[in-house]
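So this block is work-v1.cif, mmCIF, C-alpha atoms and all ligand atoms:
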```
data_query
#
loop_
_atom_site.label_atom_id
_atom_site.label_comp_id
_atom_site.auth_asym_id
_atom_site.auth_seq_id
_atom_site.Cartn_x
_atom_site.Cartn_y
_atom_site.Cartn_z
CA MET A 1 -65.33 -51.96 48.67
CA GLY A 2 -64.66 -48.33 47.89
CA VAL A 3 -63.43 -48.51 44.34
CA GLU A 4 -62.90 -44.80 43.98
CA ASP A 5 -60.96 -44.42 47.18
CA SER A 6 -58.91 -47.54 46.83
CA VAL A 7 -57.76 -46.36 43.41
CA ARG A 8 -57.27 -42.69 44.10
CA CYS A 9 -55.96 -42.39 47.60
CA PRO A 10 -55.32 -45.79 49.05
CA PHE A 11 -53.64 -44.49 52.17
CA ILE A 12 -56.71 -42.63 53.31
CA GLY A 13 -59.05 -45.18 51.82
CA LYS A 14 -59.29 -47.03 55.14
CA PHE A 15 -60.67 -44.02 56.97
CA ARG A 16 -63.03 -43.06 54.21
CA LEU A 17 -64.29 -46.59 53.80
CA THR A 18 -65.02 -47.21 57.43
CA ALA A 19 -66.21 -43.75 58.32
CA LEU A 20 -67.55 -42.17 55.22
CA LYS A 21 -68.22 -44.40 52.27
CA SER A 22 -70.66 -47.25 52.07
CA GLU A 23 -71.00 -49.82 49.29
CA HIS A 24 -74.05 -47.93 48.20
CA GLU A 25 -72.23 -44.62 47.83
CA VAL A 26 -69.56 -46.17 45.71
CA GLU A 27 -72.19 -47.63 43.41
CA ILE A 28 -73.69 -44.16 43.18
CA ASP A 29 -70.32 -42.61 42.39
CA MET A 30 -69.82 -45.14 39.62
CA ALA A 31 -73.29 -44.63 38.21
CA GLN A 32 -72.69 -40.90 38.34
CA ALA A 33 -69.43 -41.28 36.48
CA ALA A 34 -71.06 -43.49 33.87
CA SER A 35 -73.85 -41.04 33.24
CA SER A 36 -71.67 -37.96 33.29
CA SER A 37 -71.44 -37.81 29.53
CA ARG A 38 -75.23 -37.60 29.28
CA SER A 39 -75.36 -34.43 31.31
CA GLY A 40 -72.44 -32.87 29.44
CA GLY A 41 -74.26 -29.61 28.63
CA SER A 42 -75.03 -28.70 32.21
CA ARG A 43 -71.46 -29.56 33.13
CA ARG A 44 -70.51 -26.15 31.86
CA PHE A 45 -72.04 -24.57 34.95
CA VAL A 46 -69.88 -26.79 37.16
CA TYR A 47 -66.80 -25.41 35.40
CA VAL A 48 -68.04 -21.84 35.90
CA VAL A 49 -68.58 -22.53 39.62
CA ALA A 50 -65.09 -24.00 39.99
CA SER A 51 -63.40 -21.22 38.01
CA VAL A 52 -65.02 -18.42 40.00
CA ALA A 53 -64.22 -20.07 43.34
CA ALA A 54 -60.66 -20.68 42.13
CA LEU A 55 -60.18 -16.90 41.95
CA GLY A 56 -59.63 -17.14 45.72
CA GLY A 57 -56.54 -19.20 44.81
CA LEU A 58 -55.41 -16.55 42.32
CA LEU A 59 -55.57 -13.92 45.06
CA PHE A 60 -53.78 -16.28 47.48
CA GLY A 61 -50.94 -16.71 44.94
CA TYR A 62 -50.82 -13.04 43.97
CA ASP A 63 -50.90 -11.58 47.47
CA THR A 64 -48.23 -13.95 48.76
CA GLY A 65 -46.07 -13.71 45.61
CA VAL A 66 -46.11 -9.95 45.14
CA ILE A 67 -44.49 -8.81 48.38
CA SER A 68 -40.85 -9.91 48.03
CA GLY A 69 -40.56 -7.94 44.80
CA VAL A 70 -41.89 -4.66 46.20
CA LEU A 71 -40.28 -4.63 49.66
CA LEU A 72 -37.26 -2.80 48.30
CA PHE A 73 -39.39 0.14 47.12
CA ILE A 74 -41.52 0.19 50.27
CA GLY A 75 -38.23 0.47 52.15
CA GLU A 76 -37.26 3.53 50.11
CA ASP A 77 -40.54 5.29 50.99
CA PHE A 78 -40.87 4.29 54.64
CA GLN A 79 -37.27 3.86 55.89
CA LEU A 80 -37.83 0.26 56.93
CA THR A 81 -35.73 -1.51 59.51
CA ALA A 82 -35.06 -5.21 58.97
CA PHE A 83 -37.63 -5.93 61.69
CA LEU A 84 -40.36 -3.90 59.98
CA GLU A 85 -39.51 -5.48 56.64
CA GLY A 86 -39.99 -8.90 58.17
CA PHE A 87 -43.18 -7.77 59.85
CA ILE A 88 -44.71 -6.59 56.57
CA VAL A 89 -44.22 -10.09 55.16
CA SER A 90 -45.25 -11.92 58.35
CA SER A 91 -48.40 -9.88 58.91
CA LEU A 92 -50.09 -11.52 55.92
CA LEU A 93 -48.98 -14.99 57.03
CA LEU A 94 -50.23 -14.32 60.57
CA GLY A 95 -53.56 -13.17 59.16
CA ALA A 96 -53.71 -16.28 56.97
CA MET A 97 -53.30 -18.54 60.00
CA VAL A 98 -56.10 -16.75 61.86
CA GLY A 99 -58.28 -16.67 58.74
CA ALA A 100 -57.86 -20.38 58.02
CA GLY A 101 -58.46 -21.45 61.63
CA VAL A 102 -61.47 -19.24 62.30
CA CYS A 103 -63.19 -19.15 58.90
CA GLY A 104 -62.85 -22.88 58.29
CA ALA A 105 -64.89 -23.59 61.42
CA LEU A 106 -67.30 -20.70 60.74
CA SER A 107 -68.09 -22.14 57.30
CA ASP A 108 -69.52 -25.30 58.88
CA ARG A 109 -72.08 -23.02 60.53
CA LEU A 110 -72.60 -20.20 58.07
CA GLY A 111 -71.91 -21.93 54.76
CA ARG A 112 -69.00 -22.04 52.34
CA ARG A 113 -70.42 -19.38 50.02
CA THR A 114 -71.00 -16.84 52.80
CA ILE A 115 -67.42 -17.11 54.00
CA ILE A 116 -65.98 -16.90 50.46
CA LEU A 117 -68.06 -13.74 49.91
CA ALA A 118 -66.60 -12.33 53.12
CA ALA A 119 -63.09 -13.31 51.97
CA ALA A 120 -63.64 -11.57 48.61
CA THR A 121 -64.72 -8.39 50.42
CA ILE A 122 -61.61 -8.60 52.58
CA PHE A 123 -59.42 -9.09 49.47
CA ALA A 124 -60.93 -6.02 47.79
CA ILE A 125 -60.70 -3.70 50.82
CA GLY A 126 -57.26 -5.04 51.74
CA ALA A 127 -55.83 -4.46 48.26
CA VAL A 128 -56.95 -0.84 48.11
CA GLY A 129 -55.96 -0.22 51.75
CA ALA A 130 -52.46 -1.63 51.27
CA GLY A 131 -51.97 0.22 47.97
CA LEU A 132 -52.91 3.56 49.55
CA ALA A 133 -51.25 3.01 52.94
CA PRO A 134 -49.83 6.37 54.15
CA ASN A 135 -47.46 4.76 56.65
CA VAL A 136 -45.94 1.44 57.57
CA GLU A 137 -48.40 0.73 60.41
CA THR A 138 -51.36 1.05 58.04
CA LEU A 139 -49.60 -1.16 55.51
CA ILE A 140 -48.98 -3.85 58.14
CA PHE A 141 -52.61 -3.62 59.25
CA PHE A 142 -53.93 -4.10 55.71
CA ARG A 143 -51.49 -6.93 54.96
CA PHE A 144 -52.78 -8.70 58.09
CA PHE A 145 -56.34 -7.99 56.93
CA LEU A 146 -55.52 -9.43 53.50
CA GLY A 147 -54.08 -12.46 55.25
CA LEU A 148 -57.51 -13.16 56.78
CA GLY A 149 -58.85 -13.39 53.22
CA VAL A 150 -55.94 -15.54 52.01
CA GLY A 151 -56.35 -17.95 54.95
CA SER A 152 -60.08 -18.34 54.54
CA ALA A 153 -59.73 -18.78 50.77
CA SER A 154 -57.18 -21.55 51.36
CA ALA A 155 -59.48 -23.29 53.83
CA LEU A 156 -62.75 -22.79 51.94
CA GLY A 157 -62.04 -22.53 48.21
CA PRO A 158 -61.09 -26.22 47.79
CA SER A 159 -64.08 -27.39 49.88
CA TYR A 160 -66.49 -25.23 47.90
CA ILE A 161 -65.23 -26.63 44.60
CA SER A 162 -65.01 -30.19 45.86
CA GLU A 163 -68.54 -30.16 47.30
CA SER A 164 -69.98 -28.66 44.12
CA ALA A 165 -68.20 -31.02 41.72
CA PRO A 166 -69.51 -34.32 40.38
CA THR A 167 -67.34 -37.17 41.66
CA ASP A 168 -65.73 -38.20 38.39
CA VAL A 169 -64.14 -34.78 37.78
CA ARG A 170 -63.72 -33.72 41.39
CA GLY A 171 -59.93 -34.02 41.38
CA SER A 172 -59.48 -32.00 38.18
CA LEU A 173 -61.89 -29.29 39.27
CA SER A 174 -60.39 -29.02 42.75
CA SER A 175 -56.94 -28.76 41.15
CA LEU A 176 -58.13 -25.56 39.47
CA PHE A 177 -57.60 -23.94 42.87
CA GLN A 178 -53.88 -24.78 42.75
CA LEU A 179 -53.71 -23.74 39.08
CA ALA A 180 -55.09 -20.37 40.14
CA ILE A 181 -52.48 -20.09 42.91
CA THR A 182 -49.70 -20.68 40.39
CA LEU A 183 -51.22 -18.17 37.96
CA GLY A 184 -51.44 -15.64 40.80
CA ILE A 185 -47.74 -16.13 41.56
CA LEU A 186 -46.81 -15.78 37.87
CA VAL A 187 -48.91 -12.63 37.48
CA ALA A 188 -47.24 -11.20 40.60
CA TYR A 189 -43.78 -11.84 39.07
CA LEU A 190 -44.87 -10.08 35.87
CA VAL A 191 -46.61 -7.14 37.56
CA ASN A 192 -43.57 -6.58 39.78
CA ALA A 193 -41.39 -6.61 36.67
CA ALA A 194 -43.66 -4.12 34.92
CA PHE A 195 -43.55 -1.63 37.81
CA ALA A 196 -39.95 -2.22 38.86
CA SER A 197 -38.34 0.43 36.67
CA ALA A 198 -40.69 3.07 38.13
CA GLY A 199 -39.89 1.81 41.65
CA ASN A 200 -43.62 1.62 42.29
CA TRP A 201 -45.01 -0.67 45.01
CA ARG A 202 -48.51 0.81 45.36
CA TRP A 203 -49.90 -0.38 42.03
CA PRO A 204 -48.72 -3.99 42.39
CA LEU A 205 -50.44 -4.17 45.80
CA ALA A 206 -53.61 -2.36 44.72
CA LEU A 207 -54.14 -4.29 41.48
CA ALA A 208 -55.37 -7.31 43.43
CA PHE A 209 -58.60 -5.33 43.76
CA VAL A 210 -59.60 -6.39 40.22
CA PRO A 211 -59.75 -10.21 40.73
CA ALA A 212 -61.21 -9.60 44.20
CA LEU A 213 -64.11 -7.69 42.68
CA VAL A 214 -64.67 -10.41 40.06
CA LEU A 215 -64.68 -13.02 42.85
CA LEU A 216 -67.16 -10.98 44.89
CA ILE A 217 -69.57 -10.44 41.99
CA GLY A 218 -69.17 -14.02 40.71
CA MET A 219 -69.77 -15.62 44.12
CA TYR A 220 -72.82 -13.45 44.64
CA PHE A 221 -74.47 -15.25 41.72
CA LEU A 222 -73.28 -18.75 42.65
CA PRO A 223 -75.21 -21.12 44.91
CA GLU A 224 -74.23 -22.63 48.25
CA THR A 225 -72.87 -26.19 47.96
CA PRO A 226 -75.50 -28.95 47.94
CA ARG A 227 -73.64 -30.89 50.62
CA TRP A 228 -73.61 -28.01 53.08
CA LEU A 229 -77.31 -27.34 52.38
CA VAL A 230 -78.19 -30.95 53.17
CA SER A 231 -76.12 -30.78 56.34
CA LYS A 232 -78.45 -27.93 57.41
CA ASP A 233 -81.60 -29.87 56.40
CA ARG A 234 -82.20 -27.55 53.45
CA ASP A 235 -82.81 -30.43 51.09
CA GLU A 236 -85.11 -28.58 48.70
CA GLU A 237 -82.47 -25.92 48.03
CA ALA A 238 -79.87 -28.66 47.62
CA ARG A 239 -82.12 -30.36 45.07
CA ARG A 240 -82.45 -27.11 43.11
CA VAL A 241 -78.67 -26.57 43.11
CA LEU A 242 -77.97 -30.13 42.02
CA SER A 243 -80.55 -30.00 39.25
CA ARG A 244 -78.60 -27.21 37.55
CA THR A 245 -75.82 -29.66 36.71
CA ARG A 246 -77.30 -33.16 37.04
CA THR A 247 -80.11 -35.13 35.44
CA GLU A 248 -83.19 -35.82 37.56
CA ALA A 249 -82.07 -39.36 38.34
CA GLU A 250 -78.60 -38.17 39.27
CA VAL A 251 -80.03 -35.54 41.58
CA GLU A 252 -82.04 -38.11 43.54
CA ARG A 253 -79.10 -40.52 43.72
CA GLU A 254 -76.73 -37.84 44.91
CA LEU A 255 -79.16 -36.51 47.50
CA GLN A 256 -79.55 -40.01 48.86
CA GLU A 257 -75.81 -40.42 48.96
CA ILE A 258 -75.25 -37.15 50.80
CA ARG A 259 -77.97 -37.97 53.36
CA ARG A 260 -76.65 -41.46 53.91
CA THR A 261 -73.09 -40.19 54.35
CA GLN A 262 -74.33 -37.68 56.85
CA GLU A 263 -76.22 -40.23 58.88
CA GLU A 264 -73.10 -42.38 59.07
CA GLU A 265 -70.97 -39.53 60.28
CA GLU A 266 -71.02 -38.34 63.80
CA GLN A 267 -71.34 -34.64 64.44
CA ALA A 268 -67.85 -33.21 64.61
CA GLY A 269 -66.78 -29.71 65.60
CA TYR A 270 -63.47 -28.48 67.03
CA ARG A 271 -63.67 -30.75 70.08
CA GLU A 272 -64.80 -33.73 68.04
CA LEU A 273 -61.87 -33.27 65.66
CA LEU A 274 -59.86 -35.04 68.33
CA ALA A 275 -62.39 -37.87 68.61
CA LEU A 276 -60.88 -41.25 67.98
CA TRP A 277 -62.58 -41.79 64.62
CA VAL A 278 -61.64 -38.35 63.23
CA ARG A 279 -58.09 -38.32 64.56
CA PRO A 280 -56.49 -40.32 61.71
CA MET A 281 -58.01 -37.92 59.19
CA LEU A 282 -56.62 -34.98 61.12
CA VAL A 283 -53.17 -36.58 61.18
CA VAL A 284 -53.29 -37.09 57.40
CA GLY A 285 -54.62 -33.55 56.78
CA ILE A 286 -52.11 -31.78 59.01
CA GLY A 287 -49.30 -34.09 57.87
CA LEU A 288 -49.91 -33.33 54.20
CA ALA A 289 -50.23 -29.60 54.91
CA VAL A 290 -47.04 -29.36 56.96
CA PHE A 291 -44.94 -31.51 54.64
CA GLN A 292 -46.13 -29.58 51.61
CA GLN A 293 -44.20 -26.67 53.15
CA PHE A 294 -41.31 -28.65 54.63
CA VAL A 295 -40.24 -29.71 51.13
CA GLY A 296 -39.11 -26.10 50.78
CA ILE A 297 -41.33 -24.87 47.97
CA ASN A 298 -41.62 -21.31 49.19
CA THR A 299 -37.89 -20.84 49.52
CA VAL A 300 -37.91 -21.23 45.75
CA ILE A 301 -41.12 -19.28 45.12
CA TYR A 302 -40.06 -16.27 47.24
CA TYR A 303 -36.34 -16.34 46.54
CA ALA A 304 -36.13 -17.66 42.97
CA PRO A 305 -34.48 -14.45 41.73
CA THR A 306 -31.88 -14.50 44.51
CA ILE A 307 -31.10 -18.19 43.98
CA ILE A 308 -30.87 -17.75 40.23
CA LYS A 309 -28.63 -14.70 40.47
CA SER A 310 -26.34 -16.49 42.89
CA THR A 311 -25.68 -19.15 40.24
CA GLY A 312 -23.87 -16.46 38.32
CA LEU A 313 -26.38 -16.00 35.49
CA ALA A 314 -26.43 -12.58 33.85
CA ASN A 315 -29.27 -10.20 34.66
CA VAL A 316 -31.35 -10.79 31.55
CA ALA A 317 -31.02 -14.55 31.88
CA SER A 318 -32.08 -14.25 35.56
CA VAL A 319 -35.15 -12.30 34.55
CA LEU A 320 -36.15 -14.96 32.04
CA ALA A 321 -35.33 -17.78 34.44
CA THR A 322 -37.52 -16.29 37.19
CA VAL A 323 -40.47 -15.97 34.85
CA GLY A 324 -39.58 -19.50 33.66
CA VAL A 325 -40.04 -20.81 37.23
CA GLY A 326 -43.54 -19.30 37.27
CA VAL A 327 -44.39 -20.68 33.83
CA VAL A 328 -43.17 -24.22 34.62
CA ASN A 329 -45.22 -24.08 37.84
CA VAL A 330 -48.38 -23.25 35.86
CA LEU A 331 -47.75 -25.73 33.03
CA MET A 332 -47.01 -28.69 35.28
CA THR A 333 -50.12 -27.94 37.34
CA ILE A 334 -52.11 -28.31 34.11
CA VAL A 335 -50.45 -31.71 33.60
CA ALA A 336 -51.56 -32.66 37.14
CA ILE A 337 -55.13 -31.57 36.38
CA LEU A 338 -55.19 -33.87 33.37
CA LEU A 339 -53.81 -36.80 35.35
CA ILE A 340 -55.22 -36.57 38.85
CA ASP A 341 -58.58 -38.25 38.27
CA ARG A 342 -57.03 -40.91 36.04
CA VAL A 343 -53.90 -42.02 37.89
CA GLY A 344 -54.93 -41.00 41.41
CA ARG A 345 -53.50 -38.76 44.12
CA LYS A 346 -50.91 -41.10 45.64
CA PRO A 347 -48.98 -42.02 42.45
CA LEU A 348 -48.69 -38.31 41.61
CA LEU A 349 -47.34 -37.60 45.09
CA LEU A 350 -44.79 -40.41 44.87
CA VAL A 351 -43.50 -39.38 41.45
CA GLY A 352 -43.32 -35.73 42.51
CA LEU A 353 -41.46 -36.52 45.73
CA ALA A 354 -38.93 -38.62 43.81
CA GLY A 355 -38.41 -35.74 41.36
CA MET A 356 -37.97 -33.23 44.19
CA THR A 357 -35.40 -35.44 45.91
CA VAL A 358 -33.34 -35.87 42.72
CA SER A 359 -33.54 -32.16 41.90
CA LEU A 360 -32.43 -31.08 45.38
CA VAL A 361 -29.41 -33.41 45.14
CA ILE A 362 -28.55 -31.80 41.77
CA ILE A 363 -28.92 -28.25 43.16
CA GLY A 364 -26.92 -29.11 46.30
CA ALA A 365 -24.10 -30.67 44.25
CA ALA A 366 -24.08 -27.73 41.83
CA PHE A 367 -23.69 -25.23 44.67
CA ALA A 368 -20.96 -27.38 46.25
CA PHE A 369 -18.97 -27.22 43.00
CA SER A 370 -19.85 -23.65 42.11
CA GLY A 371 -17.02 -21.65 40.70
CA LEU A 372 -15.83 -24.55 38.55
CA SER A 373 -17.42 -23.36 35.32
CA GLY A 374 -20.34 -21.47 33.77
CA ILE A 375 -22.05 -24.74 33.07
CA ILE A 376 -22.82 -25.02 36.78
CA SER A 377 -25.30 -22.12 36.45
CA TRP A 378 -27.25 -24.05 33.89
CA VAL A 379 -27.13 -27.29 35.89
CA THR A 380 -28.52 -25.40 38.92
CA LEU A 381 -31.21 -23.86 36.79
CA ALA A 382 -32.16 -27.27 35.37
CA GLY A 383 -32.34 -28.63 38.94
CA LEU A 384 -34.56 -25.71 39.98
CA MET A 385 -36.94 -26.27 37.07
CA LEU A 386 -37.11 -30.01 37.78
CA TYR A 387 -37.89 -29.19 41.42
CA ILE A 388 -40.71 -26.80 40.53
CA ALA A 389 -42.11 -29.20 37.94
CA SER A 390 -42.09 -32.07 40.46
CA PHE A 391 -43.86 -29.99 43.12
CA ALA A 392 -46.40 -28.62 40.66
CA VAL A 393 -47.41 -32.06 39.43
CA SER A 394 -47.76 -33.48 42.93
CA PHE A 395 -47.78 -31.82 46.33
CA GLY A 396 -49.14 -28.50 45.03
CA PRO A 397 -52.52 -29.70 43.75
CA VAL A 398 -52.74 -32.95 45.74
CA LEU A 399 -52.88 -31.14 49.10
CA TRP A 400 -55.79 -28.88 48.13
CA VAL A 401 -57.64 -31.70 46.37
CA MET A 402 -57.28 -34.13 49.25
CA LEU A 403 -58.07 -31.88 52.20
CA PRO A 404 -61.82 -31.66 51.58
CA GLU A 405 -61.90 -35.33 50.60
CA ILE A 406 -60.44 -36.47 53.88
CA PHE A 407 -62.81 -34.86 56.34
CA PRO A 408 -66.44 -35.79 57.03
CA LEU A 409 -69.04 -33.27 55.93
CA ASN A 410 -69.90 -31.91 59.37
CA ALA A 411 -66.28 -31.26 60.26
CA ARG A 412 -65.01 -30.41 56.79
CA GLY A 413 -64.68 -26.68 57.31
CA THR A 414 -63.06 -27.09 60.71
CA GLY A 415 -60.78 -29.90 59.50
CA THR A 416 -59.60 -28.16 56.33
CA GLY A 417 -59.23 -24.94 58.33
CA VAL A 418 -56.97 -26.53 60.93
CA SER A 419 -54.95 -28.25 58.20
CA ALA A 420 -54.62 -25.04 56.15
CA LEU A 421 -53.52 -23.25 59.32
CA SER A 422 -50.73 -25.80 59.71
CA ASN A 423 -49.75 -25.13 56.09
CA TRP A 424 -49.28 -21.43 56.85
CA GLY A 425 -47.27 -22.05 60.04
CA PRO A 426 -44.04 -23.26 58.36
CA ILE A 427 -44.16 -20.45 55.75
CA SER A 428 -43.98 -17.91 58.53
CA LEU A 429 -40.68 -19.48 59.61
CA LEU A 430 -39.04 -18.52 56.31
CA PRO A 431 -36.45 -15.77 56.53
CA LYS A 432 -37.92 -12.45 55.42
CA ARG A 433 -35.91 -10.14 53.28
CA SER A 434 -36.43 -7.99 50.30
CA CYS A 435 -35.62 -9.52 46.99
CA HIS A 436 -36.23 -7.54 43.90
CA SER A 437 -38.11 -10.19 41.99
CA LEU A 438 -36.82 -9.35 38.55
CA PRO A 439 -33.35 -7.90 38.71
C1 LIG B 1 -48.68 -23.76 48.40
C2 LIG B 1 -48.03 -22.41 48.43
C3 LIG B 1 -47.02 -22.33 47.31
C4 LIG B 1 -47.66 -22.65 45.98
C5 LIG B 1 -46.65 -22.73 44.89
C6 LIG B 1 -49.34 -23.95 47.06
O1 LIG B 1 -49.98 -25.18 47.01
O2 LIG B 1 -49.66 -23.87 49.42
O3 LIG B 1 -47.43 -22.21 49.69
O4 LIG B 1 -46.47 -21.03 47.25
O5 LIG B 1 -48.34 -23.88 46.05
O6 LIG B 1 -47.23 -23.02 43.66
#
```
Let me see the file written as C-alpha cells.
Ligand code: BGC
Amino acid sequence: MGVEDSVRCPFIGKFRLTALKSEHEVEIDMAQAASSSRSGGSRRFVYVVASVAALGGLLFGYDTGVISGVLLFIGEDFQLTAFLEGFIVSSLLLGAMVGAGVCGALSDRLGRRTIILAAATIFAIGAVGAGLAPNVETLIFFRFFLGLGVGSASALGPSYISESAPTDVRGSLSSLFQLAITLGILVAYLVNAAFASAGNWRWPLALAFVPALVLLIGMYFLPETPRWLVSKDRDEEARRVLSRTRTEAEVERELQEIRRTQEEEEQAGYRELLALWVRPMLVVGIGLAVFQQFVGINTVIYYAPTIIKSTGLANVASVLATVGVGVVNVLMTIVAILLIDRVGRKPLLLVGLAGMTVSLVIIGAAFAFSGLSGIISWVTLAGLMLYIASFAVSFGPVLWVMLPEIFPLNARGTGTGVSALSNWGPISLLPKRSCHSLP
C-alpha cells in the first residue's frame, strides 16, 4: 500500500497506486527517507538546485505583479485607449498560455533543463525589450514574449524541482517555487512604489533582467533531472546526477525505482493524455489549476490597492496594507513549506479553503454594511489578510507541488503544461485596468 501517497494526497492516491507506485517503490521511498539524515551534507546541493529553479517562479510573480502598478504611467507616455491597456496586460497572459502548453510538451522531448534555459533567455530579452519599448506595439510584443517564459516556467519549474528532490523533502522543495512567486509579487509591489513618484514604468519592467540573468547562469551549471535522463535511457548520466546528492546505496535504489516506475507506465504524449488510465490524473490536474484561479486570488493580488482604498482607509494606511498583503502571502507560504511534507497536501487544502470561505463572507458583509463606521475598513482589511493567508498556506503551493506528482514521467511535461495552461485561462478573464499599486 502506498504509504506516502495515502498520507499526503489520498484523493489522488488511487491513481498513483494503480498506475505509478508499486509496493517496492514505497519501500524505497521509506528507506530513502530513513537514510536522508546520513546524506545531509550533499543535501545542500539539492537546496541549491531547487532555489535556482525557483527563480523562474520569482520572475513569474514579478512579471505578472508589476504591470497593474505601471499601466498608469505607460498610459501617460503612449496615450493608451482602454482596449490597448487591456491588451498590454492580456498579452503576457496569452503568451503564458502558449508557453505552458507548448513548452510543457517540448520538455518531455528536450529535457526540463533545456526548456528552463530557454525560458530564462526569454525572460532576460523580454525584460530589456519591454523596458526599452519605443511604442505600444513593441511593448505588447515583448509582454507576449515574456509570457512565453512565464508559461514555460510555470509548467517546468515545479517538475524540475520535484524530479530533482529526494522524496522526503519533495513537498517543501517544490513549495519553494510558490514562495518565489510570492516574493516576486512582493518585490513588484515595492519596486512600483519606489518608482511611482518619478512616474517611471521602464525601470520596473527592465529590472526583471537581473533575476533572469541569475537564472540563466545558474541553470547553465545545473544538471538535467535524473528522472528525465532515465526516461531517455541515459542511465549513466542519471547515476552521476544522483550521486551528487545521494549515497551509493541510495543511488542504486532510486535508479531501480525510476526504471520500475517507467516500465509500469505506458508511453503518454498529447494523444495519450486522454487515454483512459491518464484521464483521471488530467481531471485532477486541470481541476486543481482552474479552481486555484476560480477562488479569486488574482482579483486580490492585482487589485489589492483598489480594494483597500475603497474601504475608506487613508493613503498611507493603504500603502502599508498593500505591502502587508504581499508580506502575509510570503510568510504564510513559508508556513506551508514547513507543514506540507508533515501534514500532507489535502489537509492544507481543506483548512485553506475553509479560511477563504470565512474570509470572503467577512469581506462581503463588510462591503454590504460599508458607510456604517470606520471600523468597517479594518474588518475588511482583516478579512483580506485572512483570505491571503488561507490561500498562501493551501492552494498556492499545493497546486505547484501536486502537478508534477500527479502525472506519469513520460507525460509529466505535457500534463503539467496542459494543467498550467488551464491555470492561465481564468486569469485572462479578469478585468484589466490600471491601478496604481501604491497610492
Ligand atoms: C498563482 C498565481 C497567484 C499567486 C499568488 C500562484 O500560485 O498561480 O496566479 O498570483 O499564486 O501568490
Residue nearest Phe78 in chain A - candidates A:Thr299, A:Thr138, A:Ser310, A:Ser159, atoms counted: only C-alpha atoms
A:Thr138
Residue nearest ligand LIG 1 (chain B) - candidates A:Phe369, A:Phe294, A:Tyr47, A:Tyr220, atoms counted: all atoms listed in the file
A:Phe294
Do you know which residues are within 7 Å of ligand LIG 1 (chain B) using only C-alpha atoms and all ligand atoms? Can you write them as a PyMOL selection string?
chain A and resi 61+178+181-182+293+297-298+301+329+392+396-397+399-400+423
For the atom pair CA of Trp424 in chain A and CA of Val278 in chain A, what is the interatomic distance in Å to one decimal place?
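Computing it gives 21.9 Å between the two atoms.
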Nearest to Gln262 in chain A: which of A:Leu229, A:Val102, A:Val284, A:Val214 is it, counting only C-alpha atoms?
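Answer, going by the shortest atom-to-atom distance: A:Leu229.
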Please report the interatomic distance between CA of Ser172 in chain A and CA of Arg43 in chain A in Å with one decimal.
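If I compute the distance from CA of Ser172 in chain A to CA of Arg43 in chain A, I get 13.2 Å.
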